$ cat structure-v8.csv   # CSV, C-alpha atoms
chain,number,residue,atom,x,y,z
G,1,MET,CA,26.0,-22.8,-10.8
G,2,GLU,CA,28.3,-19.7,-10.9
G,3,LEU,CA,31.9,-19.7,-9.8
G,4,ARG,CA,31.1,-16.5,-7.9
G,5,VAL,CA,28.5,-18.2,-5.8
G,6,LEU,CA,30.7,-21.2,-5.2
G,7,ASN,CA,33.2,-18.7,-3.7
G,8,TYR,CA,30.4,-17.2,-1.6
G,9,PHE,CA,29.5,-20.6,-0.3
G,10,LEU,CA,33.1,-21.5,0.6
G,11,THR,CA,33.5,-18.2,2.5
G,12,VAL,CA,30.4,-19.0,4.6
G,13,ALA,CA,31.7,-22.5,5.2
G,14,ARG,CA,35.1,-21.1,6.3
G,15,GLU,CA,33.7,-18.3,8.5
G,16,GLN,CA,30.8,-20.5,9.8
G,17,SER,CA,28.7,-17.3,9.9
G,18,ILE,CA,26.6,-15.5,7.3
G,19,ILE,CA,27.4,-12.2,9.0
G,20,ARG,CA,31.2,-12.6,9.0
G,21,ALA,CA,31.2,-14.0,5.5
G,22,ALA,CA,29.2,-11.1,4.2
G,23,GLU,CA,31.7,-8.7,5.8
G,24,SER,CA,34.6,-10.6,4.3
G,25,LEU,CA,33.0,-10.5,0.8
G,26,HIS,CA,31.8,-6.9,1.2
G,27,LEU,CA,28.2,-7.9,0.6
G,28,SER,CA,25.1,-7.2,2.6
G,29,GLN,CA,23.8,-10.0,4.7
G,30,PRO,CA,20.5,-10.3,2.9
G,31,THR,CA,22.2,-10.4,-0.5
G,32,LEU,CA,24.5,-13.3,0.7
G,33,SER,CA,21.7,-15.2,2.3
G,34,THR,CA,19.6,-14.9,-0.9
G,35,GLN,CA,22.5,-16.2,-3.0
G,36,ILE,CA,23.0,-19.2,-0.8
G,37,ARG,CA,19.3,-20.0,-0.7
G,38,ASN,CA,19.1,-19.8,-4.5
G,39,MET,CA,22.0,-22.3,-4.7
G,40,GLU,CA,20.1,-24.6,-2.4
G,41,GLU,CA,17.0,-24.3,-4.5
G,42,GLU,CA,19.0,-25.0,-7.7
G,43,LEU,CA,20.5,-28.1,-6.2
G,44,GLY,CA,17.4,-29.2,-4.4
G,45,LYS,CA,19.3,-29.8,-1.2
G,46,GLN,CA,19.9,-28.0,2.1
G,47,LEU,CA,23.5,-27.1,2.4
G,48,LEU,CA,23.6,-25.2,5.6
G,49,ILE,CA,22.0,-25.5,9.0
G,50,ARG,CA,21.5,-22.0,10.2
G,51,GLY,CA,22.1,-21.3,13.9
G,52,THR,CA,19.4,-20.1,16.3
G,53,LYS,CA,19.3,-16.6,17.8
G,54,GLY,CA,21.4,-17.9,20.7
G,55,SER,CA,24.0,-19.4,18.4
G,56,ARG,CA,24.5,-18.1,14.9
G,57,LYS,CA,27.2,-20.6,14.0
G,58,ILE,CA,26.6,-22.2,10.6
G,59,ILE,CA,26.9,-26.0,10.3
G,60,LEU,CA,27.3,-27.8,6.9
G,61,THR,CA,24.9,-30.6,6.1
G,62,GLU,CA,26.3,-33.8,4.5
G,63,GLU,CA,25.5,-32.4,1.1
G,64,GLY,CA,27.1,-29.1,2.1
G,65,MET,CA,30.4,-30.9,3.0
G,66,ILE,CA,30.4,-32.7,-0.4
G,67,LEU,CA,29.9,-29.3,-2.2
G,68,LYS,CA,32.6,-27.7,-0.1
G,69,LYS,CA,35.2,-30.4,-1.1
G,70,ARG,CA,34.2,-30.1,-4.8
G,71,ALA,CA,34.0,-26.3,-4.8
G,72,GLU,CA,37.6,-26.1,-3.5
G,73,GLU,CA,38.7,-28.5,-6.3
G,74,ILE,CA,36.8,-26.5,-8.9
G,75,LEU,CA,38.1,-23.1,-7.9
G,76,ASN,CA,41.7,-24.4,-7.5
G,77,LEU,CA,41.5,-25.8,-11.0
G,78,VAL,CA,40.1,-22.5,-12.4
G,79,GLU,CA,42.9,-20.5,-10.8
G,80,LYS,CA,45.5,-22.9,-12.1
G,81,THR,CA,44.0,-22.7,-15.6
G,82,GLU,CA,43.8,-18.9,-15.6
G,83,LYS,CA,47.5,-18.6,-14.7
G,84,GLU,CA,48.5,-20.9,-17.5
G,85,ILE,CA,46.5,-19.0,-20.1
G,86,THR,CA,47.4,-15.5,-19.1
G,87,LEU,CA,51.2,-15.9,-19.0
G,88,SER,CA,53.1,-14.4,-21.9
G,89,ASP,CA,54.3,-16.8,-24.6
G,90,SER,CA,57.8,-15.3,-24.3
G,91,ILE,CA,58.1,-15.9,-20.5
G,92,VAL,CA,58.5,-19.3,-18.9
G,93,MET,CA,57.1,-19.0,-15.4
G,94,GLY,CA,54.2,-20.4,-13.4
G,95,ASP,CA,53.4,-23.3,-11.2
G,96,VAL,CA,54.2,-27.0,-11.3
G,97,TYR,CA,52.0,-29.3,-9.1
G,98,ILE,CA,53.4,-32.7,-8.0
G,99,GLY,CA,51.8,-35.4,-5.9
G,100,THR,CA,54.0,-38.0,-4.2
G,101,GLY,CA,54.2,-40.6,-1.5
G,102,GLU,CA,57.2,-40.7,0.9
G,103,THR,CA,60.3,-41.8,-1.0
G,104,ASP,CA,64.0,-40.8,-1.2
G,105,ALA,CA,63.6,-41.1,-5.0
G,106,PHE,CA,61.9,-37.7,-4.9
G,107,ARG,CA,65.4,-36.3,-5.0
G,108,LEU,CA,65.3,-36.7,-8.8
G,109,LEU,CA,62.4,-34.2,-8.9
G,110,ALA,CA,64.2,-31.9,-6.5
G,111,LYS,CA,67.3,-32.0,-8.7
G,112,ALA,CA,65.3,-31.2,-11.7
G,113,ALA,CA,63.6,-28.3,-9.9
G,114,LYS,CA,67.0,-26.9,-8.8
G,115,GLU,CA,68.5,-27.0,-12.3
G,116,LEU,CA,65.5,-25.3,-13.8
G,117,GLN,CA,65.6,-22.6,-11.1
G,118,ASN,CA,68.9,-21.4,-12.4
G,119,ILE,CA,67.3,-20.8,-15.9
G,120,TYR,CA,63.7,-20.1,-15.0
G,121,PRO,CA,63.5,-18.5,-11.6
G,122,GLY,CA,59.8,-17.8,-12.2
G,123,ILE,CA,58.8,-21.4,-11.9
G,124,HIS,CA,57.3,-22.4,-8.5
G,125,TYR,CA,56.6,-25.9,-7.2
G,126,HIS,CA,53.7,-27.2,-5.1
G,127,ILE,CA,54.1,-30.6,-3.5
G,128,SER,CA,51.2,-32.7,-2.2
G,129,SER,CA,52.0,-35.8,-0.1
G,130,GLY,CA,49.8,-38.8,0.2
G,131,ASN,CA,49.4,-42.4,-0.8
G,132,ALA,CA,48.9,-43.8,-4.3
G,133,GLU,CA,45.2,-43.4,-4.2
G,134,PHE,CA,45.5,-39.8,-3.3
G,135,VAL,CA,48.0,-39.1,-6.0
G,136,MET,CA,46.0,-40.7,-8.7
G,137,GLU,CA,42.8,-39.1,-7.6
G,138,GLN,CA,44.5,-35.7,-7.8
G,139,LEU,CA,46.0,-36.4,-11.1
G,140,ASP,CA,42.7,-37.6,-12.6
G,141,LYS,CA,41.0,-34.4,-11.5
G,142,GLY,CA,43.7,-32.3,-13.1
G,143,LEU,CA,44.8,-30.8,-9.7
G,144,ILE,CA,48.4,-31.9,-10.2
G,145,ASP,CA,50.6,-32.2,-13.2
G,146,PHE,CA,52.8,-35.2,-12.1
G,147,GLY,CA,52.6,-38.0,-9.7
G,148,ILE,CA,55.0,-40.6,-8.3
G,149,ILE,CA,53.6,-44.0,-7.7
G,150,PHE,CA,54.9,-47.5,-6.9
G,151,GLY,CA,54.3,-50.6,-9.0
G,152,ASN,CA,52.6,-51.0,-12.4
G,153,VAL,CA,51.2,-48.0,-14.4
G,154,SER,CA,48.2,-48.1,-16.6
G,155,SER,CA,49.5,-47.3,-20.1
G,156,GLU,CA,46.0,-46.6,-21.3
G,157,LYS,CA,45.6,-43.7,-18.9
G,158,TYR,CA,49.1,-42.4,-18.2
G,159,ASN,CA,52.4,-41.6,-19.7
G,160,SER,CA,55.3,-42.5,-17.4
G,161,LEU,CA,59.0,-42.4,-16.7
G,162,LYS,CA,60.7,-45.1,-14.7
G,163,MET,CA,62.6,-43.8,-11.8
G,164,PRO,CA,66.3,-44.8,-12.0
G,165,ALA,CA,66.4,-45.6,-8.3
G,166,LYS,CA,64.5,-48.3,-6.3
G,167,ASP,CA,63.5,-48.1,-2.7
G,168,ILE,CA,64.3,-50.9,-0.3
G,169,TRP,CA,61.6,-52.4,2.0
G,170,GLY,CA,62.5,-53.0,5.6
G,171,VAL,CA,61.4,-52.7,9.2
G,172,LEU,CA,61.7,-49.6,11.4
G,173,MET,CA,62.2,-50.5,15.0
G,174,ARG,CA,63.5,-49.2,18.3
G,175,CYS,CA,67.3,-49.7,18.8
G,176,ASP,CA,66.6,-51.6,22.0
G,177,SER,CA,64.1,-54.0,20.4
G,178,GLU,CA,64.7,-57.8,20.1
G,179,LEU,CA,65.1,-57.7,16.3
G,180,ALA,CA,67.6,-54.8,16.3
G,181,GLU,CA,70.4,-57.3,16.8
G,182,LYS,CA,69.8,-58.8,13.4
G,183,ASP,CA,71.3,-57.5,10.1
G,184,SER,CA,68.1,-58.2,8.1
G,185,ILE,CA,64.6,-59.4,8.9
G,186,THR,CA,62.9,-62.6,7.7
G,187,PRO,CA,59.2,-63.3,7.4
G,188,GLU,CA,59.4,-65.6,10.4
G,189,ASP,CA,60.9,-62.9,12.6
G,190,LEU,CA,57.6,-60.9,12.3
G,191,TRP,CA,55.0,-63.6,12.7
G,192,ASP,CA,54.7,-63.0,16.5
G,193,LYS,CA,55.5,-59.3,16.6
G,194,PRO,CA,53.1,-56.3,16.8
G,195,LEU,CA,53.2,-54.8,13.3
G,196,ILE,CA,52.5,-51.3,11.9
G,197,ILE,CA,51.9,-51.4,8.1
G,198,SER,CA,50.8,-49.1,5.3
G,199,HIS,CA,47.1,-49.1,4.6
G,200,GLN,CA,47.6,-48.8,0.8
G,201,LYS,CA,45.5,-51.5,-0.7
G,202,ASN,CA,47.9,-52.2,-3.6
G,203,GLN,CA,50.6,-53.2,-1.1
G,204,ASP,CA,48.6,-55.8,0.9
G,205,THR,CA,49.1,-58.6,-1.6
G,206,GLU,CA,52.8,-58.1,-2.0
G,207,LEU,CA,53.4,-57.8,1.7
G,208,SER,CA,51.3,-60.9,2.4
G,209,ALA,CA,53.2,-62.8,-0.2
G,210,TRP,CA,56.6,-61.9,1.4
G,211,LEU,CA,55.4,-62.6,4.9
G,212,LYS,CA,54.0,-66.0,3.8
G,213,GLN,CA,51.0,-65.3,5.9
G,214,ASP,CA,47.5,-63.8,5.4
G,215,LEU,CA,47.6,-60.3,7.1
G,216,SER,CA,44.5,-61.1,9.0
G,217,LYS,CA,46.4,-63.8,10.9
G,218,LEU,CA,49.1,-61.5,12.1
G,219,ASN,CA,49.1,-59.0,14.9
G,220,ILE,CA,48.5,-55.7,13.0
G,221,VAL,CA,48.3,-53.1,15.8
G,222,ALA,CA,48.1,-50.1,13.5
G,223,THR,CA,48.2,-48.9,9.9
G,224,TYR,CA,49.6,-45.7,8.5
G,225,ASN,CA,49.5,-43.3,5.5
G,226,LEU,CA,52.8,-41.5,6.1
G,227,LEU,CA,55.7,-43.3,7.6
G,228,PHE,CA,56.7,-40.3,9.8
G,229,ASN,CA,53.5,-40.8,11.9
G,230,ALA,CA,54.3,-44.5,12.1
G,231,SER,CA,57.8,-43.8,13.3
G,232,LEU,CA,56.3,-42.0,16.4
G,233,LEU,CA,54.3,-45.1,17.2
G,234,VAL,CA,57.4,-47.2,16.9
G,235,ASP,CA,59.3,-44.7,19.1
G,236,GLU,CA,56.7,-45.1,21.8
G,237,GLY,CA,57.1,-48.9,21.6
G,238,LEU,CA,53.8,-49.8,19.9
G,239,GLY,CA,55.3,-52.1,17.4
G,240,TYR,CA,57.5,-52.7,14.3
G,241,ALA,CA,56.7,-50.6,11.2
G,242,ILE,CA,57.2,-52.1,7.7
G,243,GLY,CA,58.2,-49.4,5.3
G,244,LEU,CA,60.7,-47.9,2.9
G,245,ASP,CA,64.3,-47.0,3.7
G,246,LYS,CA,65.7,-43.5,3.8
G,247,ILE,CA,62.4,-41.8,4.7
G,248,ILE,CA,63.0,-41.5,8.4
G,249,ASN,CA,66.3,-39.7,9.2
G,250,ILE,CA,68.1,-42.2,11.6
G,251,THR,CA,71.2,-40.8,13.2
G,252,GLU,CA,73.6,-42.2,15.8
G,253,ASN,CA,71.6,-40.5,18.5
G,254,SER,CA,68.2,-41.8,17.3
G,255,ASN,CA,66.1,-44.3,19.2
G,256,LEU,CA,65.2,-46.0,16.0
G,257,CYS,CA,67.0,-48.2,13.4
G,258,PHE,CA,66.1,-49.8,10.1
G,259,ARG,CA,66.7,-53.3,9.0
G,260,PRO,CA,66.1,-54.5,5.4
G,261,LEU,CA,63.9,-57.4,4.5
G,262,THR,CA,65.3,-60.7,3.4
G,263,PRO,CA,64.6,-62.0,0.8
G,264,LYS,CA,65.2,-58.5,-0.5
G,265,VAL,CA,62.1,-56.5,-1.6
G,266,GLU,CA,62.6,-53.5,-3.8
G,267,ALA,CA,60.0,-50.9,-4.8
G,268,GLU,CA,59.9,-49.7,-8.4
G,269,MET,CA,58.6,-46.2,-9.0
G,270,SER,CA,57.4,-44.2,-11.9
G,271,ILE,CA,56.7,-40.5,-12.6
G,272,ILE,CA,53.3,-40.4,-14.3
G,273,TRP,CA,51.1,-37.8,-16.0
G,274,LYS,CA,47.8,-38.1,-17.9
G,275,LYS,CA,47.8,-39.0,-21.5
G,276,TYR,CA,47.1,-36.2,-24.0
G,277,GLN,CA,47.6,-33.7,-21.2
G,278,ILE,CA,48.3,-30.2,-22.3
G,279,PHE,CA,51.0,-28.8,-20.1
G,280,SER,CA,51.7,-25.3,-19.0
G,281,LYS,CA,55.0,-23.9,-20.2
G,282,ALA,CA,56.4,-24.4,-16.7
G,283,ALA,CA,55.3,-28.0,-16.5
G,284,GLU,CA,56.6,-28.8,-20.0
G,285,LYS,CA,60.0,-27.5,-19.1
G,286,PHE,CA,60.0,-29.6,-15.9
G,287,MET,CA,59.0,-32.7,-17.8
G,288,LEU,CA,61.8,-32.2,-20.3
G,289,LYS,CA,64.3,-31.8,-17.5
G,290,LEU,CA,63.0,-35.0,-15.8
G,291,LYS,CA,63.5,-36.9,-19.1
G,292,GLU,CA,67.0,-35.5,-19.5
G,293,LEU,CA,68.0,-36.5,-15.9
G,294,GLN,CA,66.4,-39.9,-16.1
G,295,GLU,CA,68.3,-40.8,-19.3
G,296,TYR,CA,71.5,-39.6,-17.8
G,297,LEU,CA,71.1,-41.6,-14.5
G,298,ILE,CA,69.9,-44.9,-16.0
$ encode --input "structure-v8.csv" --output "structure tokens"
Amino acid sequence: MELRVLNYFLTVAREQSIIRAAESLHLSQPTLSTQIRNMEEELGKQLLIRGTKGSRKIILTEEGMILKKRAEEILNLVEKTEKEITLSDSIVMGDVYIGTGETDAFRLLAKAAKELQNIYPGIHYHISSGNAEFVMEQLDKGLIDFGIIFGNVSSEKYNSLKMPAKDIWGVLMRCDSELAEKDSITPEDLWDKPLIISHQKNQDTELSAWLKQDLSKLNIVATYNLLFNASLLVDEGLGYAIGLDKIINITENSNLCFRPLTPKVEAEMSIIWKKYQIFSKAAEKFMLKLKELQEYLI
């Protein structure tokens, strides 16, 4: 399977039309159609459902959607690799790819990026936000250089730096809610309340242990991936969101407030990267700056 043909396929998927894709690629329609059919024959699967004369819109089959996702990852990785190889040895510039969840501790990476910008203005940063599963999947595929994750790190697969700061778990709620009068929140306070929790699997056990209840016995009205979306549910009065402090900007005029959990629950974080990874010059400079700042702040 050629990279050129993968690009053809992605263009067809994006345009949802052989005709428009051919125009975009500066190919004849028969040539493009032949290339796509050859790909289908090579894979032994139908990738596209061609439209009828009344509707020429292209629809991806299930196999076509899988190929689209993988083709995007492959071509992104090829582009990243080409940039790293072609840059001059005497010039430090390029791209650094970072995957992270929502955490105020990201400020350490922001500080490192700012300090490097003064020395190497040709370094550019690309941030992908998601939960731990997303970050580790992207890291394992080589689509990002660094990831921030909570909890334990597999020393067999990854190198890591402990973040000097810890995030505090608490409850995001409306200022006019019953629990807003309290300085901190106990497990018993939440047993009869509608809860909005993160759907990260690795947090279920810890949260259940703190709550002293099986989550299935509580009133979980919603789960979230990013706390900002959960904050909108809270603002509409759907429930109480359990999450990390300093993610949602709560001002004096905000409808929302945050109360820490008691007993106190802290989240430890690490910056991780794959073992034996060969960094680009830009990523290597970034890693060295992170180590420098981490040692200074601890």
$ atom_distance --input "structure-v8.csv" --atom1 "atom CA of G:Asn255" --atom2 "atom CA of G:Asp176"
7.8 Å
$ residues_around --input "structure-v8.csv" --residues "G:Tyr276" --least-positions-apart "3" --cutoff "10 Å" --atoms "only C-alpha atoms" --output "PDB file with C-alpha atoms, keeping the file's coordinate frame"
ATOM      1  CA  LYS G 157      45.600 -43.700 -18.900  1.00  0.00           C
ATOM      2  CA  TYR G 158      49.100 -42.400 -18.200  1.00  0.00           C
ATOM      3  CA  ASN G 159      52.400 -41.600 -19.700  1.00  0.00           C
ATOM      4  CA  TRP G 273      51.100 -37.800 -16.000  1.00  0.00           C
ATOM      5  CA  PHE G 279      51.000 -28.800 -20.100  1.00  0.00           C
TER       6      PHE G 279
END
$ residues_around --input "structure-v8.csv" --residues "G:Leu116" --least-positions-apart "4" --cutoff "10 Å" --atoms "only C-alpha atoms" --output "PyMOL selection string"
chain G and resi 110-112+120-123+282+285-286+289
$ residues_around --input "structure-v8.csv" --residues "G:His124" --least-positions-apart "3" --cutoff "10 Å" --atoms "all atoms listed in the file" --output "PDB file with C-alpha atoms, in the frame of the given file"
ATOM      1  CA  MET G  93      57.100 -19.000 -15.400  1.00  0.00           C
ATOM      2  CA  GLY G  94      54.200 -20.400 -13.400  1.00  0.00           C
ATOM      3  CA  ASP G  95      53.400 -23.300 -11.200  1.00  0.00           C
ATOM      4  CA  VAL G  96      54.200 -27.000 -11.300  1.00  0.00           C
ATOM      5  CA  TYR G  97      52.000 -29.300  -9.100  1.00  0.00           C
ATOM      6  CA  ALA G 113      63.600 -28.300  -9.900  1.00  0.00           C
ATOM      7  CA  GLN G 117      65.600 -22.600 -11.100  1.00  0.00           C
ATOM      8  CA  TYR G 120      63.700 -20.100 -15.000  1.00  0.00           C
ATOM      9  CA  PRO G 121      63.500 -18.500 -11.600  1.00  0.00           C
ATOM     10  CA  ALA G 282      56.400 -24.400 -16.700  1.00  0.00           C
ATOM     11  CA  ALA G 283      55.300 -28.000 -16.500  1.00  0.00           C
TER      12      ALA G 283
END
$ residues_around --input "structure-v8.csv" --residues "stretch 241-250 of chain G" --least-positions-apart "4" --cutoff "8 Å" --atoms "all atoms listed in the file" --output "list in words"
Glu102, Thr103, Asp104, Asp167, Ile168, Trp169, Gly170, Val171, Leu172, Met173, Leu195, Ile196, Ile197, Ser198, Leu227, Phe228, Ala230, Ser231, Val234, Ser254, Leu256, Cys257, Phe258 and Pro260 of chain G
$ atom_distance --input "structure-v8.csv" --atom1 "atom CA of G:Met269" --atom2 "atom CA of G:Leu207"
16.6 Å
$ atom_distance --input "structure-v8.csv" --atom1 "atom CA of G:Ile149" --atom2 "atom CA of G:Ser270"
5.7 Å
$ residues_near_point --input "structure-v8.csv" --point "(30.3, -9.1, 2.5)" --cutoff "12 Å" --atoms "all atoms listed in the file" --output "PyMOL selection string"
chain G and resi 7-9+11-12+15+17-33+35
